[in-house]
$ cat structure_18.tsv   # TSV, C-alpha atoms
chain	number	residue	atom	x	y	z
A	1	MET	CA	0.00	0.00	0.00
A	2	GLY	CA	1.30	3.42	-0.87
A	3	PHE	CA	0.11	7.02	-0.93
A	4	SER	CA	1.40	9.60	-3.45
A	5	ALA	CA	5.17	8.98	-3.89
A	6	GLY	CA	4.67	5.85	-1.77
A	7	GLY	CA	2.12	4.79	-4.40
A	8	HIS	CA	4.91	4.98	-6.95
A	9	LEU	CA	7.08	2.78	-4.77
A	10	ALA	CA	4.26	0.26	-4.26
A	11	SER	CA	3.53	0.18	-8.00
A	12	GLU	CA	7.25	-0.27	-8.69
A	13	LEU	CA	7.25	-3.33	-6.41
A	14	GLY	CA	4.26	-4.65	-8.33
A	15	VAL	CA	5.92	-4.39	-11.75
A	16	SER	CA	9.54	-5.25	-10.92
A	17	PHE	CA	9.40	-8.10	-8.43
A	18	ASP	CA	11.74	-11.08	-8.48
A	19	ALA	CA	10.01	-14.39	-9.21
A	20	GLY	CA	12.38	-16.32	-6.96
A	21	ASN	CA	14.57	-19.28	-7.80
A	22	PRO	CA	13.33	-22.60	-6.39
A	23	GLY	CA	16.75	-24.17	-7.06
A	24	ASP	CA	18.72	-21.61	-5.04
A	25	ALA	CA	20.48	-22.86	-1.90
A	26	ASP	CA	19.33	-19.79	0.06
A	27	PRO	CA	15.70	-20.32	1.18
A	28	VAL	CA	15.03	-16.57	0.98
A	29	GLU	CA	16.08	-16.48	-2.68
A	30	GLN	CA	13.67	-19.33	-3.44
A	31	VAL	CA	10.62	-17.20	-2.66
A	32	SER	CA	9.03	-14.67	-5.00
A	33	SER	CA	8.99	-11.04	-3.88
A	34	ARG	CA	5.76	-10.41	-5.83
A	35	PRO	CA	3.14	-8.67	-3.68
A	36	ASP	CA	-0.24	-10.45	-3.54
A	37	PHE	CA	-1.99	-7.16	-4.35
A	38	MET	CA	-1.42	-3.40	-4.45
A	39	ILE	CA	-3.37	-0.55	-2.86
A	40	LEU	CA	-2.42	2.72	-4.56
A	41	ALA	CA	-3.81	6.00	-3.24
A	42	TYR	CA	-3.27	9.05	-5.48
A	43	PRO	CA	-0.11	7.37	-6.80
A	44	VAL	CA	2.66	9.02	-8.77
A	45	ILE	CA	2.91	6.60	-11.70
A	46	ALA	CA	4.63	8.69	-14.36
A	47	PRO	CA	5.64	12.34	-14.76
A	48	THR	CA	2.06	13.45	-15.52
A	49	GLY	CA	0.84	16.65	-13.88
A	50	PRO	CA	2.71	19.22	-11.79
A	51	GLY	CA	3.15	17.14	-8.63
A	52	ALA	CA	4.28	14.04	-10.45
A	53	THR	CA	6.68	16.02	-12.62
A	54	SER	CA	8.03	17.66	-9.48
A	55	SER	CA	8.44	14.26	-7.76
A	56	PHE	CA	10.38	12.89	-10.70
A	57	GLN	CA	12.54	16.04	-10.84
A	58	HIS	CA	13.40	15.74	-7.13
A	59	ILE	CA	14.72	12.27	-7.81
A	60	LEU	CA	16.18	12.66	-11.29
A	61	GLY	CA	16.99	16.37	-11.63
A	62	GLU	CA	15.56	19.15	-13.81
A	63	THR	CA	16.27	17.43	-17.13
A	64	PRO	CA	15.97	13.71	-16.50
A	65	ASP	CA	17.22	11.16	-18.96
A	66	PRO	CA	14.22	9.99	-21.05
A	67	GLN	CA	15.24	6.33	-20.67
A	68	THR	CA	15.25	6.67	-16.89
A	69	VAL	CA	11.83	8.35	-16.95
A	70	GLU	CA	10.52	5.47	-19.08
A	71	LEU	CA	12.06	2.95	-16.70
A	72	LEU	CA	10.36	4.61	-13.71
A	73	SER	CA	6.97	5.08	-15.43
A	74	THR	CA	5.40	1.99	-13.92
A	75	ASP	CA	2.36	1.94	-16.22
A	76	LEU	CA	4.74	1.03	-19.06
A	77	HIS	CA	5.88	-2.13	-17.26
A	78	VAL	CA	2.59	-3.80	-16.32
A	79	THR	CA	2.31	-7.43	-17.45
A	80	ALA	CA	-0.18	-10.23	-16.89
A	81	GLN	CA	1.94	-11.21	-13.85
A	82	THR	CA	1.48	-7.81	-12.16
A	83	PRO	CA	-0.56	-8.27	-8.96
A	84	PRO	CA	-4.18	-7.07	-8.75
A	85	ALA	CA	-4.64	-3.46	-7.70
A	86	PHE	CA	-7.08	-1.13	-6.00
A	87	LEU	CA	-6.60	2.53	-6.91
A	88	VAL	CA	-8.16	5.64	-5.40
A	89	CYS	CA	-7.66	9.32	-6.16
A	90	ALA	CA	-9.45	12.67	-6.46
A	91	ASP	CA	-10.09	14.54	-9.66
A	92	ASP	CA	-9.36	17.89	-8.02
A	93	ASP	CA	-5.90	16.79	-6.86
A	94	GLN	CA	-3.55	19.60	-7.91
A	95	THR	CA	-0.45	17.70	-6.79
A	96	VAL	CA	-0.78	14.35	-8.57
A	97	SER	CA	-3.20	14.26	-11.48
A	98	SER	CA	-5.88	11.56	-11.41
A	99	GLU	CA	-4.56	10.71	-14.88
A	100	SER	CA	-1.66	9.00	-13.14
A	101	ALA	CA	-3.96	6.41	-11.51
A	102	VAL	CA	-6.00	6.10	-14.70
A	103	ARG	CA	-2.86	5.33	-16.72
A	104	PHE	CA	-1.94	2.52	-14.34
A	105	TYR	CA	-5.51	1.18	-14.25
A	106	LEU	CA	-5.69	1.09	-18.05
A	107	ALA	CA	-2.35	-0.72	-18.25
A	108	LEU	CA	-3.65	-3.31	-15.76
A	109	HIS	CA	-6.91	-3.64	-17.70
A	110	ARG	CA	-5.10	-4.16	-21.02
A	111	SER	CA	-2.93	-6.86	-19.39
A	112	GLY	CA	-5.93	-8.68	-17.92
A	113	VAL	CA	-4.96	-7.92	-14.32
A	114	PRO	CA	-7.90	-7.55	-11.90
A	115	ALA	CA	-8.19	-3.94	-10.79
A	116	GLU	CA	-10.65	-1.44	-9.41
A	117	ILE	CA	-10.38	2.35	-9.47
A	118	HIS	CA	-12.31	5.02	-7.59
A	119	ILE	CA	-11.98	8.64	-8.64
A	120	PHE	CA	-13.70	11.08	-6.33
A	121	GLU	CA	-14.71	14.41	-7.85
A	122	ARG	CA	-13.47	16.24	-4.75
A	123	GLY	CA	-10.87	15.20	-2.22
A	124	LYS	CA	-7.69	16.99	-3.27
A	125	HIS	CA	-4.31	15.48	-2.45
A	126	ALA	CA	-3.33	13.62	0.69
A	127	PHE	CA	-6.84	12.77	1.91
A	128	SER	CA	-5.33	9.68	3.56
A	129	MET	CA	-8.01	7.51	5.18
A	130	ALA	CA	-10.39	10.52	5.13
A	131	VAL	CA	-12.11	9.37	8.33
A	132	ASN	CA	-13.69	12.81	8.88
A	133	ASN	CA	-14.90	13.20	5.30
A	134	PRO	CA	-18.26	11.47	4.72
A	135	PHE	CA	-17.78	11.55	0.95
A	136	VAL	CA	-14.15	10.57	0.26
A	137	GLY	CA	-14.05	8.57	3.50
A	138	THR	CA	-16.12	5.85	1.83
A	139	TRP	CA	-13.08	4.71	-0.11
A	140	THR	CA	-11.94	2.37	2.65
A	141	MET	CA	-15.27	0.52	2.56
A	142	HIS	CA	-14.86	0.09	-1.20
A	143	LEU	CA	-11.37	-1.23	-0.48
A	144	PHE	CA	-12.65	-3.77	2.06
A	145	ASP	CA	-15.29	-4.94	-0.42
A	146	TRP	CA	-12.60	-5.37	-3.09
A	147	LEU	CA	-10.32	-7.25	-0.70
A	148	ARG	CA	-13.16	-9.57	0.29
A	149	ILE	CA	-14.46	-10.14	-3.26
A	150	ASN	CA	-10.94	-11.07	-4.39
A	151	GLY	CA	-10.37	-13.43	-1.46
A	152	PHE	CA	-7.68	-11.39	0.30
A	153	VAL	CA	-9.72	-11.11	3.52
A	154	GLU	CA	-12.46	-13.38	4.81
A	155	ARG	CA	-14.73	-11.26	6.92
A	156	ASP	CA	-16.29	-7.85	6.62
A	157	PRO	CA	-14.64	-5.42	9.09
A	158	ARG	CA	-17.85	-3.40	9.35

$ encode --input "structure_18.tsv" --output "structure tokens"
Amino acid sequence: MGFSAGGHLASELGVSFDAGNPGDADPVEQVSSRPDFMILAYPVIAPTGPGATSSFQHILGETPDPQTVELLSTDLHVTAQTPPAFLVCADDDQTVSSESAVRFYLALHRSGVPAEIHIFERGKHAFSMAVNNPFVGTWTMHLFDWLRINGFVERDPR
């Protein structure tokens, strides 16, 4: 699970995991590092929008190498082996455009990876769990439903 720049990190783990090597002598190396699923809240996926561009520039400098930008644009590296994902964002987010989450969702969809996306009209950036917001705060219930429907949790926390 990751929020904003942490969403980029979580998506990176989902697209660049190591499958493991069952023949390796080290038991740790035998196991895949693939996450079972991803939860991405207003994630920075690629340098799209002012906040995402700024995030990439903080890491890569003012004029980043195009190959490095492509390497770090996680929507370009989704495959059928990418874990399922739940994405949430707000359309009025001025820091990370909702297009970032949409790009990742569409890449998942094209690869046949189960995914769900929720885009709230209002919520801005960094709404977190939004426990005091009766509108955006519903996202966690949608998340629990998705986790349950996909078999990641057994019982309803409500």

$ closest_residue --input "structure_18.tsv" --among "A:Leu40, A:Gln81, A:Lys124, A:Pro134" --to "A:Phe17" --atoms "all atoms listed in the file"
A:Gln81

$ atom_distance --input "structure_18.tsv" --atom1 "atom CA of A:Asp92" --atom2 "atom CA of A:Ile39"
20.1 Å

$ closest_residue --input "structure_18.tsv" --among "A:Pro47, A:Ala126, A:Phe120, A:Glu99" --to "A:Leu60" --atoms "only C-alpha atoms"
A:Pro47

$ residues_around --input "structure_18.tsv" --residues "A:Leu147" --least-positions-apart "6" --cutoff "12 Å" --atoms "only C-alpha atoms" --output "PyMOL selection string"
chain A and resi 36-39+84-86+114-116+140-141+153-157

$ atom_distance --input "structure_18.tsv" --atom1 "atom CA of A:His8" --atom2 "atom CA of A:Asp145"
23.4 Å

$ closest_residue --input "structure_18.tsv" --among "A:Ala46, A:Gly112, A:Pro27, A:Asn132" --to "A:Pro66" --atoms "only C-alpha atoms"
A:Ala46

$ residues_around --input "structure_18.tsv" --residues "A:Ile117" --least-positions-apart "6" --cutoff "10 Å" --atoms "only C-alpha atoms" --output "mmCIF file with C-alpha atoms, keeping the file's coordinate frame"
data_model
loop_
_atom_site.group_PDB
_atom_site.id
_atom_site.type_symbol
_atom_site.label_atom_id
_atom_site.label_comp_id
_atom_site.auth_asym_id
_atom_site.auth_seq_id
_atom_site.Cartn_x
_atom_site.Cartn_y
_atom_site.Cartn_z
ATOM 1 C CA LEU A 40 -2.420 2.720 -4.560
ATOM 2 C CA ALA A 41 -3.810 6.000 -3.240
ATOM 3 C CA ALA A 85 -4.640 -3.460 -7.700
ATOM 4 C CA PHE A 86 -7.080 -1.130 -6.000
ATOM 5 C CA LEU A 87 -6.600 2.530 -6.910
ATOM 6 C CA VAL A 88 -8.160 5.640 -5.400
ATOM 7 C CA CYS A 89 -7.660 9.320 -6.160
ATOM 8 C CA ALA A 101 -3.960 6.410 -11.510
ATOM 9 C CA VAL A 102 -6.000 6.100 -14.700
ATOM 10 C CA PHE A 104 -1.940 2.520 -14.340
ATOM 11 C CA TYR A 105 -5.510 1.180 -14.250
ATOM 12 C CA LEU A 106 -5.690 1.090 -18.050
ATOM 13 C CA HIS A 142 -14.860 0.090 -1.200
ATOM 14 C CA LEU A 143 -11.370 -1.230 -0.480
#

$ residues_around --input "structure_18.tsv" --residues "A:Phe56" --least-positions-apart "6" --cutoff "9 Å" --atoms "only C-alpha atoms" --output "VMD selection string"
chain A and resid 44 46 to 47 62 64 69 72

$ atom_distance --input "structure_18.tsv" --atom1 "atom CA of A:Asp75" --atom2 "atom CA of A:Asn150"
22.0 Å

$ closest_residue --input "structure_18.tsv" --among "A:Ala80, A:Ile59, A:Ala10, A:Ala90" --to "A:Phe135" --atoms "only C-alpha atoms"
A:Ala90

$ residues_near_point --input "structure_18.tsv" --point "(6.6, -4.7, -11.5)" --cutoff "9 Å" --atoms "all atoms listed in the file" --output "list of chain:residue names"
A:Ser11, A:Glu12, A:Leu13, A:Gly14, A:Val15, A:Ser16, A:Phe17, A:Asp18, A:Arg34, A:Thr74, A:His77, A:Val78, A:Thr79, A:Gln81, A:Thr82, A:Pro83

$ closest_residue --input "structure_18.tsv" --among "A:Ala130, A:Pro43, A:Gly23, A:Val28" --to "A:Ser55" --atoms "only C-alpha atoms"
A:Pro43

$ residues_around --input "structure_18.tsv" --residues "A:Gly137" --least-positions-apart "6" --cutoff "9 Å" --atoms "all atoms listed in the file" --output "list in words"
Phe127, Ser128, Met129, Ala130 and Val131 of chain A

$ closest_residue --input "structure_18.tsv" --among "A:Gln94, A:Pro35, A:Tyr42, A:Gly20" --to "A:Gly2" --atoms "only C-alpha atoms"
A:Tyr42

$ decode --input "structure_18.tsv" --residues "stretch 16-30 of chain A" --atoms "N, CA and C atoms" --output "mmCIF file, in the first residue's frame"
data_model
loop_
_atom_site.group_PDB
_atom_site.id
_atom_site.type_symbol
_atom_site.label_atom_id
_atom_site.label_comp_id
_atom_site.auth_asym_id
_atom_site.auth_seq_id
_atom_site.Cartn_x
_atom_site.Cartn_y
_atom_site.Cartn_z
ATOM 1 N N SER A 16 8.132 -4.856 -10.784
ATOM 2 C CA SER A 16 9.544 -5.249 -10.922
ATOM 3 C C SER A 16 9.986 -6.245 -9.852
ATOM 4 N N PHE A 17 9.082 -7.085 -9.449
ATOM 5 C CA PHE A 17 9.400 -8.096 -8.434
ATOM 6 C C PHE A 17 10.294 -9.185 -8.999
ATOM 7 N N ASP A 18 10.917 -9.932 -8.117
ATOM 8 C CA ASP A 18 11.744 -11.077 -8.482
ATOM 9 C C ASP A 18 10.897 -12.338 -8.286
ATOM 10 N N ALA A 19 10.847 -13.187 -9.274
ATOM 11 C CA ALA A 19 10.007 -14.387 -9.209
ATOM 12 C C ALA A 19 10.548 -15.458 -8.267
ATOM 13 N N GLY A 20 11.766 -15.299 -7.821
ATOM 14 C CA GLY A 20 12.378 -16.319 -6.957
ATOM 15 C C GLY A 20 13.014 -17.417 -7.779
ATOM 16 N N ASN A 21 13.879 -18.189 -7.131
ATOM 17 C CA ASN A 21 14.575 -19.278 -7.801
ATOM 18 C C ASN A 21 14.468 -20.518 -6.922
ATOM 19 N N PRO A 22 13.522 -21.412 -7.231
ATOM 20 C CA PRO A 22 13.326 -22.595 -6.395
ATOM 21 C C PRO A 22 14.571 -23.457 -6.219
ATOM 22 N N GLY A 23 15.536 -23.365 -7.142
ATOM 23 C CA GLY A 23 16.750 -24.167 -7.059
ATOM 24 C C GLY A 23 17.877 -23.525 -6.260
ATOM 25 N N ASP A 24 17.673 -22.314 -5.779
ATOM 26 C CA ASP A 24 18.721 -21.611 -5.037
ATOM 27 C C ASP A 24 18.925 -22.252 -3.666
ATOM 28 N N ALA A 25 20.159 -22.287 -3.210
ATOM 29 C CA ALA A 25 20.476 -22.862 -1.896
ATOM 30 C C ALA A 25 19.931 -22.007 -0.751
ATOM 31 N N ASP A 26 19.840 -20.712 -0.970
ATOM 32 C CA ASP A 26 19.332 -19.794 0.055
ATOM 33 C C ASP A 26 17.800 -19.826 0.045
ATOM 34 N N PRO A 27 17.168 -20.228 1.151
ATOM 35 C CA PRO A 27 15.701 -20.322 1.177
ATOM 36 C C PRO A 27 14.998 -18.985 0.903
ATOM 37 N N VAL A 28 15.626 -17.880 1.248
ATOM 38 C CA VAL A 28 15.025 -16.570 0.976
ATOM 39 C C VAL A 28 14.970 -16.326 -0.529
ATOM 40 N N GLU A 29 16.024 -16.685 -1.237
ATOM 41 C CA GLU A 29 16.078 -16.484 -2.681
ATOM 42 C C GLU A 29 15.111 -17.387 -3.442
ATOM 43 N N GLN A 30 14.609 -18.423 -2.796
ATOM 44 C CA GLN A 30 13.670 -19.332 -3.441
ATOM 45 C C GLN A 30 12.271 -18.724 -3.576
#
